[in-house]
>>> print(open('entry04.pdb').read())   # PDB, C-alpha atoms and all ligand atoms
MODEL        1
ATOM      1  CA  MET Y   8     -92.135-159.818 -11.153  1.00  0.00           C
ATOM      2  CA  SER Y   9     -91.065-156.309 -11.988  1.00  0.00           C
ATOM      3  CA  ASN Y  10     -92.490-156.048 -15.498  1.00  0.00           C
ATOM      4  CA  ALA Y  11     -95.681-157.688 -16.670  1.00  0.00           C
ATOM      5  CA  ARG Y  12     -95.164-159.911 -19.665  1.00  0.00           C
ATOM      6  CA  GLN Y  13     -97.811-159.654 -22.334  1.00  0.00           C
ATOM      7  CA  ALA Y  14     -98.735-162.748 -24.308  1.00  0.00           C
ATOM      8  CA  GLN Y  15     -99.597-162.092 -27.969  1.00  0.00           C
ATOM      9  CA  HIS Y  16    -102.260-164.805 -27.879  1.00  0.00           C
ATOM     10  CA  PRO Y  17    -104.201-166.565 -25.101  1.00  0.00           C
ATOM     11  CA  ILE Y  18    -102.002-169.032 -23.155  1.00  0.00           C
ATOM     12  CA  SER Y  19    -101.784-170.492 -19.677  1.00  0.00           C
ATOM     13  CA  PRO Y  20    -100.555-167.673 -17.411  1.00  0.00           C
ATOM     14  CA  ALA Y  21     -97.833-170.011 -16.107  1.00  0.00           C
ATOM     15  CA  PHE Y  22     -95.783-169.458 -19.274  1.00  0.00           C
ATOM     16  CA  THR Y  23     -95.400-165.726 -18.810  1.00  0.00           C
ATOM     17  CA  ALA Y  24     -95.246-165.884 -15.011  1.00  0.00           C
ATOM     18  CA  ARG Y  25     -92.221-168.207 -15.082  1.00  0.00           C
ATOM     19  CA  TRP Y  26     -88.908-166.469 -15.503  1.00  0.00           C
ATOM     20  CA  SER Y  27     -85.302-166.912 -14.375  1.00  0.00           C
ATOM     21  CA  PRO Y  28     -84.340-164.746 -11.405  1.00  0.00           C
ATOM     22  CA  ARG Y  29     -80.859-164.652  -9.881  1.00  0.00           C
ATOM     23  CA  ALA Y  30     -81.867-163.618  -6.362  1.00  0.00           C
ATOM     24  CA  PHE Y  31     -82.419-166.713  -4.226  1.00  0.00           C
ATOM     25  CA  ASP Y  32     -82.858-166.726  -0.461  1.00  0.00           C
ATOM     26  CA  GLY Y  33     -80.531-169.638   0.285  1.00  0.00           C
ATOM     27  CA  ARG Y  34     -83.191-171.926   1.764  1.00  0.00           C
ATOM     28  CA  PRO Y  35     -82.311-175.523   0.918  1.00  0.00           C
ATOM     29  CA  LEU Y  36     -84.798-177.574  -1.039  1.00  0.00           C
ATOM     30  CA  THR Y  37     -85.882-180.899   0.409  1.00  0.00           C
ATOM     31  CA  GLN Y  38     -85.240-184.273  -1.188  1.00  0.00           C
ATOM     32  CA  GLU Y  39     -89.019-184.602  -1.591  1.00  0.00           C
ATOM     33  CA  GLN Y  40     -89.287-181.349  -3.515  1.00  0.00           C
ATOM     34  CA  LEU Y  41     -86.516-182.436  -5.832  1.00  0.00           C
ATOM     35  CA  ARG Y  42     -88.182-185.779  -6.383  1.00  0.00           C
ATOM     36  CA  SER Y  43     -91.320-183.963  -7.550  1.00  0.00           C
ATOM     37  CA  LEU Y  44     -89.245-181.909  -9.964  1.00  0.00           C
ATOM     38  CA  PHE Y  45     -87.539-184.986 -11.388  1.00  0.00           C
ATOM     39  CA  GLU Y  46     -90.905-186.738 -11.545  1.00  0.00           C
ATOM     40  CA  ALA Y  47     -92.203-183.978 -13.828  1.00  0.00           C
ATOM     41  CA  ALA Y  48     -89.109-184.447 -16.005  1.00  0.00           C
ATOM     42  CA  ARG Y  49     -89.765-188.187 -16.032  1.00  0.00           C
ATOM     43  CA  TRP Y  50     -93.014-187.749 -17.974  1.00  0.00           C
ATOM     44  CA  THR Y  51     -91.369-185.877 -20.818  1.00  0.00           C
ATOM     45  CA  PRO Y  52     -91.852-187.440 -24.260  1.00  0.00           C
ATOM     46  CA  SER Y  53     -88.718-188.586 -26.096  1.00  0.00           C
ATOM     47  CA  ALA Y  54     -87.888-190.318 -29.369  1.00  0.00           C
ATOM     48  CA  VAL Y  55     -88.731-194.041 -29.073  1.00  0.00           C
ATOM     49  CA  ASN Y  56     -89.339-193.268 -25.374  1.00  0.00           C
ATOM     50  CA  PHE Y  57     -85.579-193.525 -24.865  1.00  0.00           C
ATOM     51  CA  GLN Y  58     -85.533-190.964 -22.041  1.00  0.00           C
ATOM     52  CA  PRO Y  59     -81.961-189.786 -22.658  1.00  0.00           C
ATOM     53  CA  TRP Y  60     -81.928-187.258 -19.776  1.00  0.00           C
ATOM     54  CA  ARG Y  61     -79.788-187.686 -16.682  1.00  0.00           C
ATOM     55  CA  PHE Y  62     -79.630-185.390 -13.653  1.00  0.00           C
ATOM     56  CA  CYS Y  63     -76.981-184.980 -10.946  1.00  0.00           C
ATOM     57  CA  TYR Y  64     -77.998-182.788  -8.019  1.00  0.00           C
ATOM     58  CA  ALA Y  65     -76.722-181.201  -4.848  1.00  0.00           C
ATOM     59  CA  LEU Y  66     -78.809-179.676  -2.060  1.00  0.00           C
ATOM     60  CA  ALA Y  67     -77.808-176.391  -0.454  1.00  0.00           C
ATOM     61  CA  GLY Y  68     -76.035-176.830   2.855  1.00  0.00           C
ATOM     62  CA  THR Y  69     -74.212-179.998   1.818  1.00  0.00           C
ATOM     63  CA  PRO Y  70     -70.538-180.386   0.848  1.00  0.00           C
ATOM     64  CA  LEU Y  71     -71.748-181.565  -2.572  1.00  0.00           C
ATOM     65  CA  PHE Y  72     -73.375-178.191  -3.102  1.00  0.00           C
ATOM     66  CA  GLU Y  73     -70.086-176.368  -2.581  1.00  0.00           C
ATOM     67  CA  ASP Y  74     -68.510-178.689  -5.146  1.00  0.00           C
ATOM     68  CA  PHE Y  75     -71.277-177.962  -7.658  1.00  0.00           C
ATOM     69  CA  VAL Y  76     -70.977-174.206  -7.139  1.00  0.00           C
ATOM     70  CA  GLY Y  77     -67.275-174.518  -7.922  1.00  0.00           C
ATOM     71  CA  LEU Y  78     -68.072-175.997 -11.345  1.00  0.00           C
ATOM     72  CA  LEU Y  79     -69.886-172.822 -12.445  1.00  0.00           C
ATOM     73  CA  VAL Y  80     -68.226-169.833 -14.047  1.00  0.00           C
ATOM     74  CA  GLU Y  81     -67.478-167.063 -11.568  1.00  0.00           C
ATOM     75  CA  SER Y  82     -70.275-164.804 -12.875  1.00  0.00           C
ATOM     76  CA  ASN Y  83     -72.818-167.525 -12.126  1.00  0.00           C
ATOM     77  CA  GLN Y  84     -71.257-168.584  -8.811  1.00  0.00           C
ATOM     78  CA  VAL Y  85     -71.944-165.125  -7.388  1.00  0.00           C
ATOM     79  CA  TRP Y  86     -75.706-165.624  -7.353  1.00  0.00           C
ATOM     80  CA  ALA Y  87     -76.222-169.365  -7.859  1.00  0.00           C
ATOM     81  CA  ARG Y  88     -74.548-170.132  -4.525  1.00  0.00           C
ATOM     82  CA  HIS Y  89     -77.717-168.870  -2.848  1.00  0.00           C
ATOM     83  CA  ALA Y  90     -79.974-171.353  -4.637  1.00  0.00           C
ATOM     84  CA  GLY Y  91     -81.628-174.180  -2.710  1.00  0.00           C
ATOM     85  CA  ALA Y  92     -80.262-176.835  -5.060  1.00  0.00           C
ATOM     86  CA  LEU Y  93     -78.086-177.132  -8.131  1.00  0.00           C
ATOM     87  CA  VAL Y  94     -78.842-179.653 -10.831  1.00  0.00           C
ATOM     88  CA  ALA Y  95     -76.629-180.722 -13.721  1.00  0.00           C
ATOM     89  CA  VAL Y  96     -78.585-181.734 -16.826  1.00  0.00           C
ATOM     90  CA  LEU Y  97     -76.942-184.440 -18.898  1.00  0.00           C
ATOM     91  CA  SER Y  98     -78.057-186.489 -21.859  1.00  0.00           C
ATOM     92  CA  GLN Y  99     -77.050-189.775 -23.404  1.00  0.00           C
ATOM     93  CA  THR Y 100     -75.864-189.052 -26.930  1.00  0.00           C
ATOM     94  CA  THR Y 101     -75.855-192.623 -28.278  1.00  0.00           C
ATOM     95  CA  ARG Y 102     -78.148-195.636 -28.251  1.00  0.00           C
ATOM     96  CA  THR Y 103     -77.386-199.283 -28.919  1.00  0.00           C
ATOM     97  CA  GLY Y 104     -78.881-200.327 -32.277  1.00  0.00           C
ATOM     98  CA  THR Y 105     -80.452-203.692 -33.024  1.00  0.00           C
ATOM     99  CA  ASP Y 106     -77.068-204.724 -34.483  1.00  0.00           C
ATOM    100  CA  GLY Y 107     -75.444-204.058 -31.112  1.00  0.00           C
ATOM    101  CA  GLU Y 108     -73.603-200.968 -32.428  1.00  0.00           C
ATOM    102  CA  GLU Y 109     -73.670-197.645 -30.535  1.00  0.00           C
ATOM    103  CA  LYS Y 110     -75.311-195.078 -32.800  1.00  0.00           C
ATOM    104  CA  PRO Y 111     -75.792-191.343 -32.300  1.00  0.00           C
ATOM    105  CA  PHE Y 112     -79.136-190.604 -30.650  1.00  0.00           C
ATOM    106  CA  ALA Y 113     -80.086-187.537 -32.662  1.00  0.00           C
ATOM    107  CA  SER Y 114     -82.700-186.098 -30.336  1.00  0.00           C
ATOM    108  CA  HIS Y 115     -80.794-186.386 -27.038  1.00  0.00           C
ATOM    109  CA  ALA Y 116     -80.574-182.612 -26.564  1.00  0.00           C
ATOM    110  CA  PHE Y 117     -84.078-181.948 -27.908  1.00  0.00           C
ATOM    111  CA  ASP Y 118     -85.634-184.484 -25.539  1.00  0.00           C
ATOM    112  CA  THR Y 119     -83.535-183.372 -22.578  1.00  0.00           C
ATOM    113  CA  GLY Y 120     -84.361-179.732 -23.243  1.00  0.00           C
ATOM    114  CA  ALA Y 121     -88.013-180.679 -22.966  1.00  0.00           C
ATOM    115  CA  ALA Y 122     -87.278-182.555 -19.718  1.00  0.00           C
ATOM    116  CA  TRP Y 123     -85.615-179.539 -18.143  1.00  0.00           C
ATOM    117  CA  MET Y 124     -88.595-177.404 -19.118  1.00  0.00           C
ATOM    118  CA  ASN Y 125     -91.030-179.855 -17.521  1.00  0.00           C
ATOM    119  CA  LEU Y 126     -88.883-179.611 -14.403  1.00  0.00           C
ATOM    120  CA  ALA Y 127     -88.897-175.821 -14.604  1.00  0.00           C
ATOM    121  CA  MET Y 128     -92.675-175.616 -14.978  1.00  0.00           C
ATOM    122  CA  GLN Y 129     -93.194-178.036 -12.089  1.00  0.00           C
ATOM    123  CA  ALA Y 130     -90.886-175.896  -9.969  1.00  0.00           C
ATOM    124  CA  HIS Y 131     -92.899-172.825 -10.920  1.00  0.00           C
ATOM    125  CA  ASP Y 132     -96.080-174.652  -9.930  1.00  0.00           C
ATOM    126  CA  MET Y 133     -94.499-175.378  -6.524  1.00  0.00           C
ATOM    127  CA  GLY Y 134     -93.591-171.729  -5.950  1.00  0.00           C
ATOM    128  CA  LEU Y 135     -89.933-172.282  -6.791  1.00  0.00           C
ATOM    129  CA  ALA Y 136     -87.777-170.442  -9.307  1.00  0.00           C
ATOM    130  CA  THR Y 137     -85.305-172.024 -11.726  1.00  0.00           C
ATOM    131  CA  HIS Y 138     -82.414-170.531 -13.665  1.00  0.00           C
ATOM    132  CA  ALA Y 139     -80.556-172.554 -16.315  1.00  0.00           C
ATOM    133  CA  MET Y 140     -76.847-171.946 -16.839  1.00  0.00           C
ATOM    134  CA  GLY Y 141     -74.642-172.787 -19.778  1.00  0.00           C
ATOM    135  CA  GLY Y 142     -71.880-171.002 -17.903  1.00  0.00           C
ATOM    136  CA  PHE Y 143     -69.956-173.828 -16.280  1.00  0.00           C
ATOM    137  CA  ASP Y 144     -66.474-175.256 -16.720  1.00  0.00           C
ATOM    138  CA  ALA Y 145     -67.110-178.185 -19.048  1.00  0.00           C
ATOM    139  CA  ASP Y 146     -63.803-179.934 -18.334  1.00  0.00           C
ATOM    140  CA  ARG Y 147     -64.051-179.643 -14.578  1.00  0.00           C
ATOM    141  CA  ALA Y 148     -67.718-180.631 -14.619  1.00  0.00           C
ATOM    142  CA  ARG Y 149     -66.857-183.761 -16.584  1.00  0.00           C
ATOM    143  CA  GLN Y 150     -63.985-184.596 -14.230  1.00  0.00           C
ATOM    144  CA  TYR Y 151     -66.216-184.142 -11.198  1.00  0.00           C
ATOM    145  CA  LEU Y 152     -69.489-185.693 -12.361  1.00  0.00           C
ATOM    146  CA  LYS Y 153     -67.732-188.572 -14.114  1.00  0.00           C
ATOM    147  CA  PRO Y 154     -70.347-189.221 -16.800  1.00  0.00           C
ATOM    148  CA  PRO Y 155     -69.681-191.987 -19.337  1.00  0.00           C
ATOM    149  CA  ALA Y 156     -68.063-190.752 -22.565  1.00  0.00           C
ATOM    150  CA  ASN Y 157     -71.390-190.851 -24.451  1.00  0.00           C
ATOM    151  CA  MET Y 158     -73.042-188.463 -21.992  1.00  0.00           C
ATOM    152  CA  ALA Y 159     -73.212-184.713 -22.739  1.00  0.00           C
ATOM    153  CA  ILE Y 160     -73.355-182.152 -19.938  1.00  0.00           C
ATOM    154  CA  ASN Y 161     -75.888-179.662 -21.269  1.00  0.00           C
ATOM    155  CA  ALA Y 162     -76.422-177.187 -18.480  1.00  0.00           C
ATOM    156  CA  PHE Y 163     -76.680-176.591 -14.759  1.00  0.00           C
ATOM    157  CA  VAL Y 164     -79.883-175.313 -13.174  1.00  0.00           C
ATOM    158  CA  ALA Y 165     -80.197-173.273  -9.998  1.00  0.00           C
ATOM    159  CA  ILE Y 166     -83.467-173.920  -8.170  1.00  0.00           C
ATOM    160  CA  GLY Y 167     -84.814-172.258  -5.070  1.00  0.00           C
ATOM    161  CA  TYR Y 168     -86.984-169.727  -3.352  1.00  0.00           C
ATOM    162  CA  ARG Y 169     -86.764-166.208  -4.671  1.00  0.00           C
ATOM    163  CA  GLY Y 170     -84.724-163.816  -2.584  1.00  0.00           C
ATOM    164  CA  ASP Y 171     -84.325-160.084  -2.266  1.00  0.00           C
ATOM    165  CA  ALA Y 172     -82.799-158.489  -5.369  1.00  0.00           C
ATOM    166  CA  SER Y 173     -81.011-155.947  -3.182  1.00  0.00           C
ATOM    167  CA  ALA Y 174     -78.705-158.742  -2.016  1.00  0.00           C
ATOM    168  CA  LEU Y 175     -77.365-159.137  -5.562  1.00  0.00           C
ATOM    169  CA  PRO Y 176     -74.296-157.295  -6.879  1.00  0.00           C
ATOM    170  CA  GLU Y 177     -75.412-153.961  -8.322  1.00  0.00           C
ATOM    171  CA  ALA Y 178     -74.924-154.930 -11.967  1.00  0.00           C
ATOM    172  CA  LEU Y 179     -77.221-157.910 -11.503  1.00  0.00           C
ATOM    173  CA  GLN Y 180     -79.892-155.969  -9.648  1.00  0.00           C
ATOM    174  CA  ALA Y 181     -80.783-154.090 -12.819  1.00  0.00           C
ATOM    175  CA  ARG Y 182     -81.166-157.369 -14.688  1.00  0.00           C
ATOM    176  CA  GLU Y 183     -83.466-158.881 -12.069  1.00  0.00           C
ATOM    177  CA  GLN Y 184     -86.589-158.682 -14.171  1.00  0.00           C
ATOM    178  CA  ALA Y 185     -88.532-160.852 -16.575  1.00  0.00           C
ATOM    179  CA  SER Y 186     -87.356-160.501 -20.168  1.00  0.00           C
ATOM    180  CA  ASP Y 187     -89.585-160.064 -23.202  1.00  0.00           C
ATOM    181  CA  ARG Y 188     -89.620-162.153 -26.395  1.00  0.00           C
ATOM    182  CA  THR Y 189     -89.495-161.463 -30.106  1.00  0.00           C
ATOM    183  CA  PRO Y 190     -92.907-161.568 -31.804  1.00  0.00           C
ATOM    184  CA  GLN Y 191     -94.061-164.797 -33.457  1.00  0.00           C
ATOM    185  CA  GLU Y 192     -93.984-163.125 -36.867  1.00  0.00           C
ATOM    186  CA  GLN Y 193     -90.176-163.343 -36.759  1.00  0.00           C
ATOM    187  CA  TRP Y 194     -89.907-167.091 -36.207  1.00  0.00           C
ATOM    188  CA  VAL Y 195     -93.168-168.830 -37.161  1.00  0.00           C
ATOM    189  CA  PHE Y 196     -93.790-169.682 -40.821  1.00  0.00           C
ATOM    190  CA  GLU Y 197     -96.878-171.044 -42.497  1.00  0.00           C
ATOM    191  CA  GLY Y 198     -95.148-173.482 -44.814  1.00  0.00           C
ATOM    192  CA  PRO Y 199     -91.513-173.020 -45.949  1.00  0.00           C
ATOM    193  CA  MET Y 200     -89.308-170.328 -44.460  1.00  0.00           C
ATOM    194  CA  ALA Y 201     -88.469-168.823 -47.822  1.00  0.00           C
TER     195      ALA Y 201
HETATM  196  C1  LIG J   1     -79.269-173.309 -22.007  1.00  0.00           C
HETATM  197  C2  LIG J   1     -79.329-172.043 -21.209  1.00  0.00           C
HETATM  198  C3  LIG J   1     -78.157-171.488 -20.721  1.00  0.00           C
HETATM  199  C4  LIG J   1     -78.188-170.346 -19.938  1.00  0.00           C
HETATM  200  N1  LIG J   1     -77.032-169.871 -19.384  1.00  0.00           N
HETATM  201  C5  LIG J   1     -77.080-168.876 -18.476  1.00  0.00           C
HETATM  202  C6  LIG J   1     -75.918-168.520 -17.734  1.00  0.00           C
HETATM  203  O1  LIG J   1     -74.850-169.133 -17.839  1.00  0.00           O
HETATM  204  N2  LIG J   1     -76.032-167.475 -16.855  1.00  0.00           N
HETATM  205  C7  LIG J   1     -77.202-166.796 -16.660  1.00  0.00           C
HETATM  206  O2  LIG J   1     -77.230-165.893 -15.836  1.00  0.00           O
HETATM  207  N3  LIG J   1     -78.323-167.136 -17.341  1.00  0.00           N
HETATM  208  C8  LIG J   1     -78.299-168.155 -18.238  1.00  0.00           C
HETATM  209  N4  LIG J   1     -79.447-168.551 -18.891  1.00  0.00           N
HETATM  210  C9  LIG J   1     -80.719-167.860 -18.622  1.00  0.00           C
HETATM  211  C10 LIG J   1     -81.260-167.138 -19.830  1.00  0.00           C
HETATM  212  O3  LIG J   1     -80.500-166.010 -20.089  1.00  0.00           O
HETATM  213  C11 LIG J   1     -82.742-166.856 -19.613  1.00  0.00           C
HETATM  214  O4  LIG J   1     -83.425-168.053 -19.443  1.00  0.00           O
HETATM  215  C12 LIG J   1     -83.318-166.106 -20.793  1.00  0.00           C
HETATM  216  O5  LIG J   1     -82.807-164.821 -20.842  1.00  0.00           O
HETATM  217  C13 LIG J   1     -84.815-166.069 -20.761  1.00  0.00           C
HETATM  218  O6  LIG J   1     -85.247-165.469 -19.598  1.00  0.00           O
HETATM  219  P1  LIG J   1     -86.338-166.115 -18.645  1.00  0.00           P
HETATM  220  O7  LIG J   1     -85.890-167.534 -18.354  1.00  0.00           O
HETATM  221  O8  LIG J   1     -86.301-165.219 -17.452  1.00  0.00           O
HETATM  222  O9  LIG J   1     -87.661-166.097 -19.354  1.00  0.00           O
HETATM  223  C14 LIG J   1     -79.434-169.705 -19.674  1.00  0.00           C
HETATM  224  C15 LIG J   1     -80.612-170.257 -20.192  1.00  0.00           C
HETATM  225  C16 LIG J   1     -80.572-171.403 -20.931  1.00  0.00           C
HETATM  226  C17 LIG J   1     -81.878-172.000 -21.422  1.00  0.00           C
ENDMDL
END
>>> encode(input="entry04.pdb", output="structure tokens", more="lines below")
Ligand SMILES: Cc1cc2nc3c(=O)[nH]c(=O)nc-3n(C[C@H](O)[C@H](O)[C@H](O)COP(=O)(O)O)c2cc1C
Amino acid sequence: MSNARQAQHPISPAFTARWSPRAFDGRPLTQEQLRSLFEAARWTPSAVNFQPWRFCYALAGTPLFEDFVGLLVESNQVWARHAGALVAVLSQTTRTGTDGEEKPFASHAFDTGAAWMNLAMQAHDMGLATHAMGGFDADRARQYLKPPANMAINAFVAIGYRGDASALPEALQAREQASDRTPQEQWVFEGPMA
């Protein structure tokens, strides 16, 4: 890590040590590694334990991986093609009610966001880096992944072993460092916000 992140208050060092690099070394992940990552996601809490998350993945070195890379916006393709795996994070937006009607499942994105973070922290624990991407072609991703209509495609995640930043395009080399955060005072409120 090129700049040391400073926590404002005592926390597990894993939270500041994890960050989202773009330089990956291209080594494919194994199926077993991915299963551990999904297993961490599996234990995420969700409203009524509905577990709305879904994941589609492709391992580097497979034809599927090339397909997945092609679903990303160009600016993400440049670096994400060197990841060891790409994972699409989806969530089920509705749930069948007791009356048999499909109703919006309000916390699908909240729960699935937590699931991706469990995955990311497990990856960090295994010496792997993750980088989430909202930059993908939503129409082409839907065409390719073929999720049911009530499934949202939230993000793609690049996962892999960190690589050498010098292999990145110059503009990205400068950005290859852990970012800071705004202080708690700006977004934590004791009681109402105003
Ligand atoms: C939902 C989501 C979408 C993101 N989309 C992109 C993206 O398309 N391209 C990219 O390079 N980084 C993307 N990022 C990475 C963020 O910019 C990065 O996580 C953030 O700056 C915090 O940095 P850190 O993860 O290194 O702590 C995304 C992150 C999230 C959570």
>>> closest_residue(input="entry04.pdb", among="Y:Asn157, Y:Thr189, Y:Ser82, Y:Ser98", to="Y:Lys110", atoms="all atoms listed in the file")
Y:Asn157
>>> resolve_selection(input="entry04.pdb", expression="the PyMOL selection byres (((not hetatm)) within 7 of (chain J and resi 1))", output="list of chain:residue names")
Y:Arg25, Y:Trp26, Y:Ser27, Y:Pro28, Y:Asn83, Y:His138, Y:Ala139, Y:Met140, Y:Gly141, Y:Gly142, Y:Phe143, Y:Ala162, Y:Ala185, Y:Ser186
>>> write_last_selection(input="entry04.pdb", atoms="C-alpha atoms", output="PDB file, in the coordinates of the input")
ATOM      1  CA  ARG Y  25     -92.221-168.207 -15.082  1.00  0.00           C
ATOM      2  CA  TRP Y  26     -88.908-166.469 -15.503  1.00  0.00           C
ATOM      3  CA  SER Y  27     -85.302-166.912 -14.375  1.00  0.00           C
ATOM      4  CA  PRO Y  28     -84.340-164.746 -11.405  1.00  0.00           C
ATOM      5  CA  ASN Y  83     -72.818-167.525 -12.126  1.00  0.00           C
ATOM      6  CA  HIS Y 138     -82.414-170.531 -13.665  1.00  0.00           C
ATOM      7  CA  ALA Y 139     -80.556-172.554 -16.315  1.00  0.00           C
ATOM      8  CA  MET Y 140     -76.847-171.946 -16.839  1.00  0.00           C
ATOM      9  CA  GLY Y 141     -74.642-172.787 -19.778  1.00  0.00           C
ATOM     10  CA  GLY Y 142     -71.880-171.002 -17.903  1.00  0.00           C
ATOM     11  CA  PHE Y 143     -69.956-173.828 -16.280  1.00  0.00           C
ATOM     12  CA  ALA Y 162     -76.422-177.187 -18.480  1.00  0.00           C
ATOM     13  CA  ALA Y 185     -88.532-160.852 -16.575  1.00  0.00           C
ATOM     14  CA  SER Y 186     -87.356-160.501 -20.168  1.00  0.00           C
TER      15      SER Y 186
END
>>> atom_distance(input="entry04.pdb", atom1="atom CA of Y:Gln184", atom2="atom CA of Y:Phe31")
13.4 Å
>>> closest_residue(input="entry04.pdb", among="Y:Leu135, Y:Leu97, Y:Ala121, Y:Leu44", to="Y:Ala156", atoms="all atoms listed in the file")
Y:Leu97
>>> closest_residue(input="entry04.pdb", among="Y:Ser114, Y:Ala21, Y:Asn125, Y:Thr105", to="Y:Arg49", atoms="all atoms listed in the file")
Y:Asn125
>>> residues_near_point(input="entry04.pdb", point="(-90.0, -178.9, -14.0)", cutoff="9 Å", atoms="all atoms listed in the file", output="list in words")
Ser43, Leu44, Phe45, Glu46, Ala47, Ala48, Ala122, Trp123, Met124, Asn125, Leu126, Ala127, Met128, Gln129, Ala130, His131, Asp132 and Thr137 of chain Y
>>> write_last_selection(input="entry04.pdb", atoms="C-alpha atoms", output="PDB file, in the frame of the given file")
ATOM      1  CA  SER Y  43     -91.320-183.963  -7.550  1.00  0.00           C
ATOM      2  CA  LEU Y  44     -89.245-181.909  -9.964  1.00  0.00           C
ATOM      3  CA  PHE Y  45     -87.539-184.986 -11.388  1.00  0.00           C
ATOM      4  CA  GLU Y  46     -90.905-186.738 -11.545  1.00  0.00           C
ATOM      5  CA  ALA Y  47     -92.203-183.978 -13.828  1.00  0.00           C
ATOM      6  CA  ALA Y  48     -89.109-184.447 -16.005  1.00  0.00           C
ATOM      7  CA  ALA Y 122     -87.278-182.555 -19.718  1.00  0.00           C
ATOM      8  CA  TRP Y 123     -85.615-179.539 -18.143  1.00  0.00           C
ATOM      9  CA  MET Y 124     -88.595-177.404 -19.118  1.00  0.00           C
ATOM     10  CA  ASN Y 125     -91.030-179.855 -17.521  1.00  0.00           C
ATOM     11  CA  LEU Y 126     -88.883-179.611 -14.403  1.00  0.00           C
ATOM     12  CA  ALA Y 127     -88.897-175.821 -14.604  1.00  0.00           C
ATOM     13  CA  MET Y 128     -92.675-175.616 -14.978  1.00  0.00           C
ATOM     14  CA  GLN Y 129     -93.194-178.036 -12.089  1.00  0.00           C
ATOM     15  CA  ALA Y 130     -90.886-175.896  -9.969  1.00  0.00           C
ATOM     16  CA  HIS Y 131     -92.899-172.825 -10.920  1.00  0.00           C
ATOM     17  CA  ASP Y 132     -96.080-174.652  -9.930  1.00  0.00           C
ATOM     18  CA  THR Y 137     -85.305-172.024 -11.726  1.00  0.00           C
TER      19      THR Y 137
END
>>> closest_residue(input="entry04.pdb", among="Y:Gly68, Y:Gly91, Y:Pro111, Y:Gly104", to="Y:Leu36", atoms="only C-alpha atoms")
Y:Gly91
>>> residues_around(input="entry04.pdb", residues="Y:Arg34", least_positions_apart="3", cutoff="12 Å", atoms="all atoms listed in the file", output="ChimeraX atom specification")
/Y:30-31,37,66-68,88-92,135,166-170
>>> atom_distance(input="entry04.pdb", atom1="atom CA of Y:Leu41", atom2="atom CA of Y:Gly134")
12.8 Å
>>> closest_residue(input="entry04.pdb", among="Y:Tyr151, Y:Trp50, Y:Phe57, Y:Phe163", to="Y:Arg102", atoms="only C-alpha atoms")
Y:Phe57
>>> closest_residue(input="entry04.pdb", among="Y:Val96, Y:Ala65, Y:Leu79, Y:Ala87", to="Y:Asp144", atoms="only C-alpha atoms")
Y:Leu79
>>> atom_distance(input="entry04.pdb", atom1="atom CA of Y:Met158", atom2="atom CA of Y:His115")
9.5 Å
>>> resolve_selection(input="entry04.pdb", expression="the PyMOL selection byres (((chain Y and resi 174) around 12) and not hetatm)", output="ChimeraX atom specification")
/Y:29-33,85-86,89,169-173,175-181,183
>>> write_last_selection(input="entry04.pdb", atoms="C-alpha atoms", output="compact mmCIF listing (two decimals), in the coordinates of the input")
# COMPACT_ATOMS: atom_id res chain seq x y z
CA ARG Y 29 -80.86 -164.65 -9.88
CA ALA Y 30 -81.87 -163.62 -6.36
CA PHE Y 31 -82.42 -166.71 -4.23
CA ASP Y 32 -82.86 -166.73 -0.46
CA GLY Y 33 -80.53 -169.64 0.28
CA VAL Y 85 -71.94 -165.12 -7.39
CA TRP Y 86 -75.71 -165.62 -7.35
CA HIS Y 89 -77.72 -168.87 -2.85
CA ARG Y 169 -86.76 -166.21 -4.67
CA GLY Y 170 -84.72 -163.82 -2.58
CA ASP Y 171 -84.32 -160.08 -2.27
CA ALA Y 172 -82.80 -158.49 -5.37
CA SER Y 173 -81.01 -155.95 -3.18
CA LEU Y 175 -77.36 -159.14 -5.56
CA PRO Y 176 -74.30 -157.29 -6.88
CA GLU Y 177 -75.41 -153.96 -8.32
CA ALA Y 178 -74.92 -154.93 -11.97
CA LEU Y 179 -77.22 -157.91 -11.50
CA GLN Y 180 -79.89 -155.97 -9.65
CA ALA Y 181 -80.78 -154.09 -12.82
CA GLU Y 183 -83.47 -158.88 -12.07
